[in-house]
Every structure is written in structure tokens, then in C-alpha cells.
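Peer 1: To be precise about what I am sending: the file is called work00.csv and holds CSV, C-alpha atoms.
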```
chain,number,residue,atom,x,y,z
P,1,MET,CA,0.0,0.0,0.0
P,2,LYS,CA,1.2,3.5,-0.8
P,3,ILE,CA,1.5,5.9,2.1
P,4,ARG,CA,2.4,9.6,2.5
P,5,VAL,CA,3.7,10.4,6.0
P,6,TRP,CA,5.3,13.4,7.5
P,7,ILE,CA,8.0,12.6,9.9
P,8,ASN,CA,9.2,15.7,11.8
P,9,GLU,CA,7.8,17.9,9.0
P,10,LYS,CA,9.6,16.0,6.2
P,11,LEU,CA,7.3,14.2,3.7
P,12,TYR,CA,8.0,10.6,2.8
P,13,GLU,CA,6.1,8.6,0.2
P,14,ASP,CA,6.6,4.8,0.1
P,15,GLU,CA,5.0,1.6,-0.9
P,16,VAL,CA,4.9,-0.4,2.3
P,17,ALA,CA,3.7,-3.9,3.4
P,18,ALA,CA,0.3,-4.0,5.1
P,19,ASP,CA,1.8,-5.4,8.3
P,20,LEU,CA,4.8,-3.1,8.6
P,21,MET,CA,4.8,-1.4,12.0
P,22,LEU,CA,5.3,2.3,12.3
P,23,ILE,CA,8.4,1.9,14.5
P,24,ASP,CA,10.1,-0.1,11.7
P,25,TYR,CA,9.1,2.4,9.1
P,26,ILE,CA,10.4,5.4,11.1
P,27,ARG,CA,13.7,3.6,11.9
P,28,SER,CA,14.1,2.8,8.2
P,29,LYS,CA,14.2,6.5,7.6
P,30,GLY,CA,17.0,7.0,10.1
P,31,TYR,CA,15.1,8.2,13.2
P,32,TYR,CA,16.9,5.9,15.7
P,33,SER,CA,15.7,7.5,18.9
P,34,VAL,CA,12.6,5.3,18.4
P,35,LYS,CA,13.4,1.9,19.9
P,36,ARG,CA,11.8,-1.3,21.0
P,37,GLY,CA,12.2,-2.0,24.7
P,38,CYS,CA,9.8,-4.8,25.3
P,39,GLU,CA,7.8,-6.0,22.2
P,40,THR,CA,4.7,-6.6,24.4
P,41,THR,CA,3.2,-3.1,24.2
P,42,ASN,CA,4.3,-2.2,27.7
P,43,CYS,CA,7.4,-0.2,28.1
P,44,GLY,CA,6.7,3.2,26.4
P,45,LEU,CA,10.1,3.4,24.8
P,46,CYS,CA,8.8,3.5,21.2
P,47,THR,CA,6.5,6.5,22.0
P,48,VAL,CA,6.1,8.9,19.1
P,49,TRP,CA,3.3,11.5,18.4
P,50,LEU,CA,0.8,10.8,15.8
P,51,GLU,CA,-1.0,14.1,15.0
P,52,GLY,CA,0.4,15.4,18.3
P,53,VAL,CA,-1.0,12.4,20.3
P,54,PRO,CA,1.5,10.1,22.0
P,55,VAL,CA,1.2,6.5,20.8
P,56,LEU,CA,3.2,3.3,20.9
P,57,SER,CA,4.7,3.0,17.5
P,58,CYS,CA,5.4,-0.7,18.0
P,59,ALA,CA,1.6,-1.2,18.0
P,60,VAL,CA,0.5,1.1,15.2
P,61,LEU,CA,0.6,-0.1,11.5
P,62,ALA,CA,2.6,2.2,9.2
P,63,VAL,CA,-0.4,2.3,6.9
P,64,ARG,CA,-2.4,3.9,9.7
P,65,ALA,CA,-0.1,6.9,9.6
P,66,HIS,CA,-1.0,7.6,6.0
P,67,GLY,CA,-1.8,11.3,5.6
P,68,LYS,CA,-0.7,12.0,9.1
P,69,LYS,CA,2.2,13.8,10.9
P,70,VAL,CA,4.6,11.8,13.0
P,71,THR,CA,6.9,13.5,15.5
P,72,THR,CA,9.9,11.8,17.1
P,73,LEU,CA,12.5,13.1,19.5
P,74,GLU,CA,14.6,14.2,16.6
P,75,GLY,CA,11.9,16.7,15.7
P,76,LEU,CA,11.9,18.2,19.2
P,77,GLU,CA,15.6,18.6,19.7
P,78,GLU,CA,15.6,22.0,21.5
P,79,GLU,CA,12.8,21.2,23.8
P,80,ALA,CA,14.2,17.8,24.6
P,81,ARG,CA,17.6,19.3,25.3
P,82,VAL,CA,16.1,21.8,27.8
P,83,PHE,CA,14.3,19.0,29.7
P,84,GLY,CA,17.3,16.7,29.4
P,85,ASP,CA,19.3,19.3,31.4
P,86,PHE,CA,16.7,19.0,34.2
P,87,LEU,CA,17.1,15.2,34.1
P,88,ALA,CA,20.9,15.5,34.3
P,89,LYS,CA,20.7,18.1,37.1
P,90,GLU,CA,18.7,15.6,39.2
P,91,GLY,CA,20.9,12.7,38.3
P,92,ALA,CA,17.8,11.0,37.1
P,93,GLU,CA,19.3,9.0,34.2
P,94,GLN,CA,21.5,6.0,34.6
P,95,CYS,CA,21.7,4.0,31.4
P,96,GLY,CA,19.5,6.4,29.4
P,97,PHE,CA,17.9,3.7,27.2
P,98,CYS,CA,14.3,4.6,28.2
P,99,SER,CA,14.8,8.3,27.8
P,100,PRO,CA,13.6,9.0,24.3
P,101,GLY,CA,10.2,7.5,24.8
P,102,PHE,CA,10.0,9.0,28.3
P,103,ILE,CA,10.9,12.5,27.1
P,104,MET,CA,8.3,12.3,24.3
P,105,ASN,CA,5.6,11.5,26.8
P,106,VAL,CA,6.7,14.2,29.3
P,107,LEU,CA,6.5,16.8,26.5
P,108,ALA,CA,3.1,15.5,25.4
P,109,MET,CA,2.0,15.7,29.1
P,110,LYS,CA,3.2,19.2,29.3
P,111,ARG,CA,1.0,20.2,26.4
P,112,GLU,CA,-2.1,18.2,27.6
P,113,LEU,CA,-2.3,18.8,31.3
P,114,LYS,CA,-2.5,22.1,33.1
P,115,ASN,CA,-0.6,22.3,36.4
P,116,PRO,CA,-0.5,18.5,37.0
P,117,GLY,CA,0.0,17.4,40.6
P,118,GLU,CA,2.3,14.5,41.5
P,119,GLN,CA,-0.4,11.9,41.1
P,120,ASP,CA,-1.4,13.3,37.7
P,121,ILE,CA,2.2,13.1,36.6
P,122,LYS,CA,2.6,9.5,37.8
P,123,ALA,CA,-0.7,8.5,36.2
P,124,TYR,CA,0.2,10.1,32.8
P,125,LEU,CA,3.7,8.5,32.8
P,126,ALA,CA,2.9,5.1,34.3
P,127,GLY,CA,3.4,3.5,30.9
P,128,ASN,CA,7.0,4.5,30.6
P,129,LEU,CA,9.2,2.0,32.3
P,130,CYS,CA,12.7,2.6,33.6
P,131,ARG,CA,14.6,-0.4,35.0
P,132,CYS,CA,17.6,1.4,36.5
P,133,THR,CA,15.9,3.9,38.8
P,134,GLY,CA,13.1,4.3,41.2
P,135,TYR,CA,11.6,7.2,39.2
P,136,MET,CA,12.3,9.7,42.0
P,137,GLY,CA,14.9,11.7,40.1
P,138,GLN,CA,12.7,11.8,37.0
P,139,LEU,CA,9.8,13.1,39.2
P,140,ARG,CA,11.9,15.8,40.7
P,141,ALA,CA,13.2,16.8,37.2
P,142,ILE,CA,9.7,17.0,35.8
P,143,GLN,CA,8.4,19.1,38.7
P,144,ALA,CA,11.3,21.5,38.4
P,145,TYR,CA,10.9,21.7,34.6
P,146,LEU,CA,7.2,22.3,34.7
P,147,GLN,CA,7.7,25.0,37.4
P,148,GLU,CA,10.3,26.8,35.3
P,149,GLU,CA,8.3,26.6,32.1
P,150,ALA,CA,5.0,27.7,33.8
B,1,MET,CA,3.4,-12.4,15.5
B,2,ILE,CA,0.6,-11.4,13.3
B,3,THR,CA,1.0,-11.1,9.5
B,4,ILE,CA,-1.4,-9.1,7.3
B,5,LYS,CA,-1.6,-9.6,3.5
B,6,GLU,CA,-4.0,-6.9,2.5
B,7,TYR,CA,-5.1,-3.7,4.3
B,8,PHE,CA,-8.7,-2.6,3.5
B,9,VAL,CA,-10.0,0.8,4.5
B,10,ALA,CA,-13.8,0.5,4.5
B,11,ASN,CA,-16.0,3.3,3.3
B,12,SER,CA,-19.2,2.0,4.8
B,13,LEU,CA,-20.3,-0.5,7.4
B,14,GLU,CA,-21.8,-2.7,4.7
B,15,GLU,CA,-18.5,-2.8,2.9
B,16,ALA,CA,-16.6,-3.6,6.1
B,17,TYR,CA,-19.1,-6.4,7.0
B,18,ASN,CA,-19.1,-7.9,3.6
B,19,LYS,CA,-15.3,-8.0,3.5
B,20,LEU,CA,-15.3,-9.5,7.0
B,21,VAL,CA,-17.5,-12.4,6.1
B,22,SER,CA,-16.0,-13.0,2.7
B,23,GLY,CA,-12.9,-14.8,4.2
B,24,LYS,CA,-12.6,-17.1,7.2
B,25,ASN,CA,-9.6,-15.3,8.7
B,26,ASN,CA,-10.4,-11.7,7.7
B,27,SER,CA,-10.3,-9.5,10.7
B,28,ILE,CA,-11.6,-6.1,11.8
B,29,LEU,CA,-8.9,-4.0,13.4
B,30,GLY,CA,-9.6,-2.1,16.5
B,31,GLY,CA,-6.5,-0.5,18.1
B,32,MET,CA,-4.6,-3.7,17.3
B,33,MET,CA,-3.0,-3.7,20.7
B,34,TRP,CA,-3.5,-7.3,21.6
B,35,LEU,CA,-4.3,-8.6,18.1
B,36,ARG,CA,-0.8,-7.9,16.9
B,37,MET,CA,0.6,-10.2,19.5
B,38,GLN,CA,-1.4,-13.2,18.4
B,39,ASN,CA,0.1,-15.8,16.1
B,40,LYS,CA,-2.2,-15.2,13.2
B,41,ARG,CA,-2.2,-14.8,9.5
B,42,VAL,CA,-4.8,-12.3,8.4
B,43,PRO,CA,-5.6,-12.2,4.7
B,44,VAL,CA,-7.5,-9.0,4.9
B,45,ALA,CA,-7.4,-6.5,7.8
B,46,ILE,CA,-10.3,-4.2,7.8
B,47,ASP,CA,-9.9,-0.6,9.0
B,48,LEU,CA,-13.0,1.3,10.3
B,49,SER,CA,-11.3,4.6,10.9
B,50,GLN,CA,-13.0,6.4,8.1
B,51,LEU,CA,-16.5,5.6,9.4
B,52,GLY,CA,-16.8,8.2,12.1
B,53,LEU,CA,-17.0,5.6,14.8
B,54,ASN,CA,-14.7,7.4,17.2
B,55,GLN,CA,-17.3,9.6,18.8
B,56,ILE,CA,-19.1,9.8,22.1
B,57,GLU,CA,-22.5,11.2,21.4
B,58,GLU,CA,-25.1,12.3,23.9
B,59,LYS,CA,-28.7,11.5,22.9
B,60,GLU,CA,-31.9,12.1,24.9
B,61,ASP,CA,-31.9,9.0,27.1
B,62,VAL,CA,-28.6,7.4,26.1
B,63,ILE,CA,-25.0,8.0,25.3
B,64,GLU,CA,-23.7,6.3,22.2
B,65,ILE,CA,-20.0,5.4,22.0
B,66,GLY,CA,-18.6,4.4,18.6
B,67,ALA,CA,-16.6,1.2,18.4
B,68,MET,CA,-13.4,3.1,17.4
B,69,THR,CA,-13.5,5.4,20.4
B,70,SER,CA,-10.2,5.2,22.3
B,71,LEU,CA,-10.1,4.2,25.9
B,72,ARG,CA,-8.5,7.5,26.6
B,73,GLN,CA,-11.3,9.4,25.0
B,74,MET,CA,-13.8,7.7,27.3
B,75,GLU,CA,-11.6,8.4,30.3
B,76,GLU,CA,-11.4,12.1,29.4
B,77,SER,CA,-15.0,12.5,28.2
B,78,LYS,CA,-17.0,15.3,29.9
B,79,VAL,CA,-20.3,13.6,28.8
B,80,LEU,CA,-19.4,10.3,30.6
B,81,GLU,CA,-18.1,12.2,33.6
B,82,ALA,CA,-21.4,14.1,33.9
B,83,TYR,CA,-23.4,10.9,34.2
B,84,PHE,CA,-20.9,8.4,35.7
B,85,GLY,CA,-18.5,10.7,37.7
B,86,PRO,CA,-14.9,9.5,37.8
B,87,LEU,CA,-15.8,5.9,37.2
B,88,PHE,CA,-14.2,5.5,33.7
B,89,LYS,CA,-11.2,7.4,34.7
B,90,GLU,CA,-10.7,5.2,37.8
B,91,ALA,CA,-11.2,2.0,35.9
B,92,PHE,CA,-9.2,2.8,32.8
B,93,SER,CA,-6.3,4.6,34.2
B,94,HIS,CA,-4.6,1.3,35.3
B,95,ILE,CA,-4.5,0.0,31.7
B,96,VAL,CA,-0.9,-0.1,30.5
B,97,GLY,CA,-0.2,3.6,29.9
B,98,THR,CA,-1.5,6.8,28.3
B,99,GLN,CA,0.0,6.0,24.9
B,100,PHE,CA,-1.6,2.5,24.9
B,101,ARG,CA,-5.0,3.9,25.8
B,102,ASN,CA,-4.7,6.6,23.0
B,103,THR,CA,-4.9,3.8,20.4
B,104,ALA,CA,-6.7,0.9,22.2
B,105,THR,CA,-10.4,1.1,21.2
B,106,ILE,CA,-13.5,0.3,23.2
B,107,GLY,CA,-14.8,-1.8,20.3
B,108,GLY,CA,-11.7,-4.0,20.4
B,109,SER,CA,-12.0,-4.4,24.2
B,110,VAL,CA,-15.7,-5.3,24.1
B,111,PHE,CA,-15.8,-7.5,21.0
B,112,SER,CA,-12.8,-9.6,22.2
B,113,ARG,CA,-14.5,-10.3,25.5
B,114,PHE,CA,-11.1,-10.6,27.2
B,115,GLY,CA,-11.1,-12.1,30.7
B,116,PHE,CA,-8.7,-9.5,32.0
B,117,SER,CA,-10.9,-6.6,30.7
B,118,ASP,CA,-11.3,-3.6,33.1
B,119,PRO,CA,-13.8,-2.0,30.6
B,120,LEU,CA,-16.1,-5.0,30.5
B,121,THR,CA,-16.2,-5.1,34.3
B,122,VAL,CA,-17.4,-1.5,34.4
B,123,LEU,CA,-19.8,-1.7,31.5
B,124,LEU,CA,-21.6,-4.7,32.8
B,125,ALA,CA,-22.4,-2.8,36.0
B,126,LEU,CA,-24.2,-0.1,33.9
B,127,ASP,CA,-27.1,-0.5,31.6
B,128,VAL,CA,-25.4,-1.1,28.2
B,129,LYS,CA,-26.5,-2.4,24.9
B,130,VAL,CA,-24.2,-3.3,22.0
B,131,GLU,CA,-25.1,-2.7,18.3
B,132,LEU,CA,-23.8,-5.3,16.0
B,133,TYR,CA,-24.1,-4.9,12.2
B,134,GLY,CA,-25.2,-8.5,11.7
B,135,ALA,CA,-26.9,-9.5,14.9
B,136,GLY,CA,-28.5,-6.2,15.7
B,137,ILE,CA,-28.9,-4.6,19.1
B,138,MET,CA,-28.7,-6.7,22.3
B,139,SER,CA,-27.7,-6.3,25.9
B,140,LEU,CA,-24.0,-6.4,26.7
B,141,GLU,CA,-24.7,-9.2,29.1
B,142,LYS,CA,-26.3,-11.3,26.4
B,143,PHE,CA,-23.6,-10.6,24.0
B,144,MET,CA,-20.9,-11.7,26.5
B,145,LYS,CA,-22.6,-15.1,26.8
B,146,LEU,CA,-22.8,-15.7,23.0
B,147,PRO,CA,-20.1,-17.9,21.4
B,148,PRO,CA,-17.6,-16.0,19.3
B,149,LYS,CA,-19.1,-15.3,15.9
B,150,LYS,CA,-17.9,-13.0,13.1
B,151,ASP,CA,-19.7,-9.7,13.3
B,152,LEU,CA,-19.0,-6.0,13.3
B,153,LEU,CA,-19.5,-4.1,16.5
B,154,VAL,CA,-20.7,-0.6,15.6
B,155,LYS,CA,-21.3,1.1,18.9
B,156,LEU,CA,-22.2,0.8,22.6
B,157,ILE,CA,-25.4,2.4,23.9
B,158,LEU,CA,-25.3,3.4,27.5
B,159,ARG,CA,-28.5,4.3,29.2
B,160,LYS,CA,-28.3,7.5,31.3
B,161,GLN,CA,-29.0,6.6,34.9
B,162,ASN,CA,-29.0,8.3,38.2
B,163,LEU,CA,-26.3,6.0,39.4
B,164,LYS,CA,-23.4,5.7,41.8
B,165,ALA,CA,-20.6,3.2,41.2
B,166,VAL,CA,-17.3,2.1,42.6
B,167,TYR,CA,-14.4,0.3,40.8
B,168,LYS,CA,-11.9,-1.8,42.6
B,169,CYS,CA,-9.0,-3.9,41.2
B,170,GLN,CA,-5.9,-5.6,42.4
B,171,ARG,CA,-2.7,-5.8,40.3
B,172,GLN,CA,0.8,-7.2,41.0
B,173,THR,CA,2.2,-3.9,39.8
B,174,ALA,CA,0.7,-0.7,38.4
B,175,THR,CA,-0.2,-1.1,34.7
B,176,ASP,CA,-0.1,-4.9,34.8
B,177,PHE,CA,-3.1,-7.1,34.0
B,178,PRO,CA,-5.5,-7.3,37.0
B,179,ASN,CA,-5.6,-10.2,39.3
B,180,LEU,CA,-9.2,-9.4,39.9
B,181,THR,CA,-11.6,-6.6,39.0
B,182,VAL,CA,-14.9,-5.5,40.8
B,183,CYS,CA,-17.4,-2.9,39.9
B,184,ILE,CA,-20.5,-2.2,42.0
B,185,SER,CA,-23.3,0.2,40.9
B,186,LYS,CA,-26.3,1.5,42.8
B,187,THR,CA,-29.4,3.1,41.3
B,188,ASP,CA,-32.6,4.1,43.0
B,189,HIS,CA,-33.9,0.6,42.6
B,190,HIS,CA,-31.1,-1.8,42.7
B,191,TYR,CA,-27.5,-2.8,42.8
B,192,LYS,CA,-25.3,-4.6,40.3
B,193,ILE,CA,-22.1,-6.4,41.4
B,194,VAL,CA,-19.7,-7.5,38.7
B,195,VAL,CA,-16.5,-9.5,39.2
B,196,GLY,CA,-13.9,-9.9,36.3
B,197,ALA,CA,-10.5,-11.3,35.7
B,198,ARG,CA,-11.3,-14.4,37.8
B,199,PRO,CA,-9.4,-15.0,35.4
B,200,SER,CA,-12.4,-15.7,33.1
B,201,LYS,CA,-14.5,-12.8,31.7
B,202,ALA,CA,-16.6,-10.5,33.9
B,203,LYS,CA,-19.9,-11.7,35.2
B,204,LEU,CA,-22.8,-10.3,37.2
B,205,ALA,CA,-23.2,-12.0,40.6
B,206,TYR,CA,-26.9,-12.3,41.0
B,207,SER,CA,-27.1,-14.1,44.3
B,208,GLY,CA,-25.0,-11.4,45.9
B,209,MET,CA,-27.2,-8.8,44.3
B,210,LYS,CA,-30.3,-10.4,45.7
B,211,LYS,CA,-28.8,-10.7,49.2
B,212,LEU,CA,-28.1,-7.0,49.0
B,213,GLN,CA,-31.6,-6.2,47.9
B,214,ASP,CA,-32.9,-8.3,50.8
B,215,GLY,CA,-30.9,-6.1,53.2
B,216,CYS,CA,-28.2,-8.7,54.2
B,217,GLU,CA,-25.0,-7.7,55.8
B,218,ILE,CA,-22.0,-6.8,53.6
B,219,ASP,CA,-20.0,-9.9,54.6
B,220,GLU,CA,-22.8,-12.2,53.8
B,221,VAL,CA,-23.2,-10.5,50.4
B,222,ALA,CA,-19.5,-10.9,49.7
B,223,GLU,CA,-19.6,-14.6,50.7
B,224,ALA,CA,-22.5,-15.2,48.3
B,225,VAL,CA,-20.7,-13.5,45.4
B,226,VAL,CA,-17.7,-15.8,45.9
B,227,ARG,CA,-19.9,-18.9,46.2
B,228,GLU,CA,-21.8,-18.1,43.0
B,229,LEU,CA,-18.9,-17.2,40.6
B,230,ASN,CA,-16.2,-19.5,39.3
B,231,PHE,CA,-12.6,-18.6,40.0
B,232,GLY,CA,-9.5,-20.1,38.5
B,233,THR,CA,-5.7,-20.2,38.6
B,234,ASN,CA,-3.3,-18.7,36.1
B,235,ILE,CA,0.2,-17.3,36.0
B,236,ARG,CA,-0.8,-14.2,38.0
B,237,ALA,CA,-2.8,-15.6,40.8
B,238,SER,CA,-4.3,-18.8,42.3
B,239,LYS,CA,-7.9,-19.6,42.6
B,240,ASP,CA,-7.8,-19.4,46.4
B,241,TYR,CA,-6.1,-16.0,46.3
B,242,ARG,CA,-8.7,-14.7,43.8
B,243,MET,CA,-11.6,-15.9,46.0
B,244,HIS,CA,-10.0,-14.0,48.9
B,245,LEU,CA,-9.5,-10.9,46.8
B,246,ALA,CA,-13.1,-11.0,45.6
B,247,LYS,CA,-14.4,-11.1,49.1
B,248,VAL,CA,-12.2,-8.1,50.2
B,249,LEU,CA,-12.8,-6.0,47.1
B,250,VAL,CA,-16.6,-6.6,47.1
B,251,ARG,CA,-16.7,-5.6,50.8
B,252,ARG,CA,-14.6,-2.5,50.3
B,253,GLY,CA,-16.7,-1.5,47.3
B,254,LEU,CA,-20.0,-1.9,49.3
B,255,GLU,CA,-18.6,0.0,52.3
B,256,GLU,CA,-17.9,2.9,50.0
B,257,LEU,CA,-21.1,2.8,48.2
B,258,ILE,CA,-23.7,2.2,50.9
```
Please re-express this file's structure in C-alpha cells.
Peer 2:
Amino acid sequence: MKIRVWINEKLYEDEVAADLMLIDYIRSKGYYSVKRGCETTNCGLCTVWLEGVPVLSCAVLAVRAHGKKVTTLEGLEEEARVFGDFLAKEGAEQCGFCSPGFIMNVLAMKRELKNPGEQDIKAYLAGNLCRCTGYMGQLRAIQAYLQEEA
Amino acid sequence: MITIKEYFVANSLEEAYNKLVSGKNNSILGGMMWLRMQNKRVPVAIDLSQLGLNQIEEKEDVIEIGAMTSLRQMEESKVLEAYFGPLFKEAFSHIVGTQFRNTATIGGSVFSRFGFSDPLTVLLALDVKVELYGAGIMSLEKFMKLPPKKDLLVKLILRKQNLKAVYKCQRQTATDFPNLTVCISKTDHHYKIVVGARPSKAKLAYSGMKKLQDGCEIDEVAEAVVRELNFGTNIRASKDYRMHLAKVLVRRGLEELI
């Protein structure tokens, strides 16, 4: 099937297989921030935005992105860098493998929720797993970041 | 892992239904969240996203929810909140994660009749009908008892009720499948008690409901619920543990509700 997809504002047109997953399509275009962490639709690492809405690209068919705009971490470089500094200041990251999907969801949350409390933040980000930490550093980083950006 | 040969975007319900029944393994796609993990070869995957089924519409006596509505849309819906309070938010927010619920559809959840389903536990405690393209309109409870048959779920029809409800579940960790789910609703006239993830699919507990109606004590009601329903063992929890959980969650739910 022929698809037209915008990835980070750049238009791609391709003939793709019906069962190609969006994650594999995006990676084939060189956007390597999008990764598989679990393959059971659980870890949040493959998070991208589809028309601005965070989704798991490992569970979305590439054909379903036809005519739509996909945003990956590469498309949000400056914003991601700013939040990344907050993560670093709190010592939140250890191996960093889960960061791309996590940052995509944090930035989506920032757009969607107004003044989220601690429980709102935890609920919104519950689907982003980190296996090194206990999430406390991330939580401090998010709270400091949201406060500064408010 | 699933393989799909052809992707078919339907332009009408009729077209979708005809395509579905034209081949034994043709499948309707909901959010594809669980479908994709099955070992299945699908000759034609049918997409309903062009049919405007992703809407929650308020009608005079009912609220209609299209089959392609995402779980997150339901959780965030002001219309549903107005009639059912935070019920959907409380029940759905445990399901995997925000990103997952942005694409998981209510049609996929309901039609698949998964045992672990939080949505089915909640919906059974309300007054819900399903509209199927082939079999027509029937109560959700009746639909859940039917053997699996190819059909196209169009929408859910929720009757507006003056209702209070509580949702309880227990999970090994946040966002995991539930070990047990309980929803109890109360209207002016009667109570409904639903227990799901036993691990088989959600069911109404009529003997417990009757005891409640007759004014029995909460512990007696919980005992009756556990006696009536069947519980089983799987990788997450044993039968005995589930029976214990059911008693506790039903009791807690009733204490909150009464």
C-alpha cells in the first residue's frame, strides 16, 4: 500500500507492506531515537506523536499513519535538550535507554495537562518503564521543569 | 506475531461487514494492541477509521459510544463524567499507559471479551447495549454469553442513569493485567455487582445482588458472590487468592457505596 507520511515535517512517500509497524518504518528513515524495549506493548520506549497524540509506534501499523504527521524526539531537539538538562541536574538518568520515549511522553503531558500534581504526573507517565531507577529523580526533574516553564 | 496480507479501508459499514464475512480469517482492526501479539495470518485486515465511529454522542436517554473510540477518549469524556462521575477514569487509568489507551479502542475491548478486561467489568455494572451490524442490538450481558461469531461491533449504547458506582481492582504492579476486578453500581432501585479477571470474563453476581436487595450484611453478600462465581488459577494468581480478593474488594466497594 502506498503511504504519505510526514516525519518531523519532512514528507515521505513509500510503498509499504500491510503489516509493517510504524516503528520499523520510522527507523528505516533513520530516526533511531525510536526503539523497542519490550515488544509486548508495555514499556513506552517506542513512543512517538501521531498528529500530536502520544502513541506506541510498535503497535501502530505504518499504513495507519497515512496522511498524518509523526513527531519523534529528533523533531523536538531543542525542547528535549532543555528537559534533558533538568534530568541531568537531578541525576535521574542511569543507562538512558528509556529516555527517548519517556521524554516524548513528558513533552506530550506538558501540552495536555494544566498544572498537573504529583499523582497526575505519575498516572500520565505510568506506561514509561525505567529499569535502572526508582523514578524519583525523574519526578523531581519533571516538577522542576514544569515549574520553570510555567 | 501477526501477518497481514491486505489492508482494507472500509468506506461504509456494509462494505466492512461484507469484507469480513468473505474470508474465514479476515479481521476487523480495533486498536490492534492485543491482536498484533497473536500468532495469526490475516488475509484482509479491515480498518474502520473512516466511518466516524470514534465519537461519544449524547442523545436524549442514552450515550452512544462508537466502536473506534479510544479508551483515553472515554476516560477524558465530559459527557461520561457528567453521568458516571470519575468511574471510567478510575477503571481505565490502570490499563498499561496513556500511549496505549490513546490507540486501544473500546470496540476492540468489548468485542474480544477478554477475561482481564477492566472496561467490560465497568460496562456490565451499567445499563449497556451493543449494536452489531449483523446480529443487531442486544444487551451487553447477552452478547458476552454468546459464542464468538464474526460480526461488526458498531457502537455501545449506555442508558443515562442516576447512578453511583465504585471500581476496585488488584494488580501485581501498576499497569499490569489485573488479578481481579470488581465494579458495583447502585441506582434508586437496585445494585449490580460485577467481578472480572477471575481470570475468566466479567460476570454479574446475581445471588450477591439479591442478598443486598434483601438487606443482608455486607460480609454475607461478599460470601454469596464468591460462592456463586467460578474462580481459577493462572500465571498471575491462584484460585484461592482470587476468591479471597473477591471477598475483600466486594466488601470495600460496598462499604464505600452504601
Peer 1: Pick out the residues sitting within 12 Å of Gly91 of chain P, and hand them over as a list in words; count only C-alpha atoms, and ignore anything fewer than 3 positions along from it in its own chain.
Peer 2: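 Listing them by chain and then by number gives Gly84, Asp85, Phe86, Leu87, Ala88, Gln94, Cys95, Gly96, Cys132, Thr133, Gly134, Tyr135, Met136, Gly137, Gln138, Leu139, Arg140 and Ala141 of chain P.
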Peer 1: For Ser28 of chain P, list every protein, DNA or RNA residue within 12 Å, evaluated using all atoms listed in the file, and leave out those in the same chain fewer than 5 positions away; present the list as number ranges by chain.
Peer 2: P: 7, 12, 14, 16, 20-23, 33-35, 62
Peer 1: Show me, as a PyMOL selection string, the residues that have an atom within 7 Å of segment 180-193 of chain B when counting all atoms listed in the file, minus same-chain residues fewer than 3 positions from it.
Peer 2: chain B and resi 118+121-122+125+162-170+196-198+204-205+209+213+242+249-250+253
Peer 1: For each of P:Glu74, P:Ala108, P:Tyr31, P:Met1, take the minimum atom-to-atom distance to Pro54 of chain P, counting all atoms listed in the file, then give the residue where this is smallest.
Peer 2: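 Using all atoms listed in the file, the shortest distance to Pro54 of chain P belongs to P:Ala108.
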Peer 1: Tell me which of B:Asn102, B:Asn230, B:Asn11, B:Ser112 sits closest to chain P, counting only C-alpha atoms.
Peer 2: B:Asn102
Peer 1: Using all atoms listed in the file, I'd like every residue of chain B that has an atom within 6 Å of chain P; please write them out as a list of chain:residue names.
Peer 2: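 Matching residues, ligands excluded from the count: B:Thr3, B:Ile4, B:Glu6, B:Tyr7, B:Met33, B:Val96, B:Gly97, B:Thr98, B:Gln99.
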Peer 1: Rank B:Leu126, B:Ala82, B:Leu13, B:Leu20 by their smallest atom-to-atom distance to Leu53 of chain B, using all atoms listed in the file, and report the top residue only.
Peer 2: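 Once distances to Leu53 of chain B are computed over all atoms listed in the file, the minimum belongs to B:Leu13.
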Peer 1: Determine, counting only C-alpha atoms, which protein, DNA and RNA residues have an atom within 10 Å of an atom of Met144 of chain B; residues of the same chain fewer than 4 positions away are not included. Present the result as a list in words.
Peer 2: Val110, Phe111, Ser112, Arg113, Phe114, Leu120, Leu124, Ser139, Leu140, Pro148, Lys201, Ala202 and Lys203 of chain B
Peer 1: Tell me which protein, DNA and RNA residues are within 12 Å of Leu51 of chain B, counting all atoms listed in the file, leaving out same-chain ones fewer than 6 positions away, and put them as a PyMOL selection string.
Peer 2: chain B and resi 9-16+66-69+154-155
Peer 1: Mind giving me the straight-line distance from atom CA of Glu131 of chain B to atom CA of Ile157 of chain B in Å, one decimal?
Peer 2: 7.6 Å
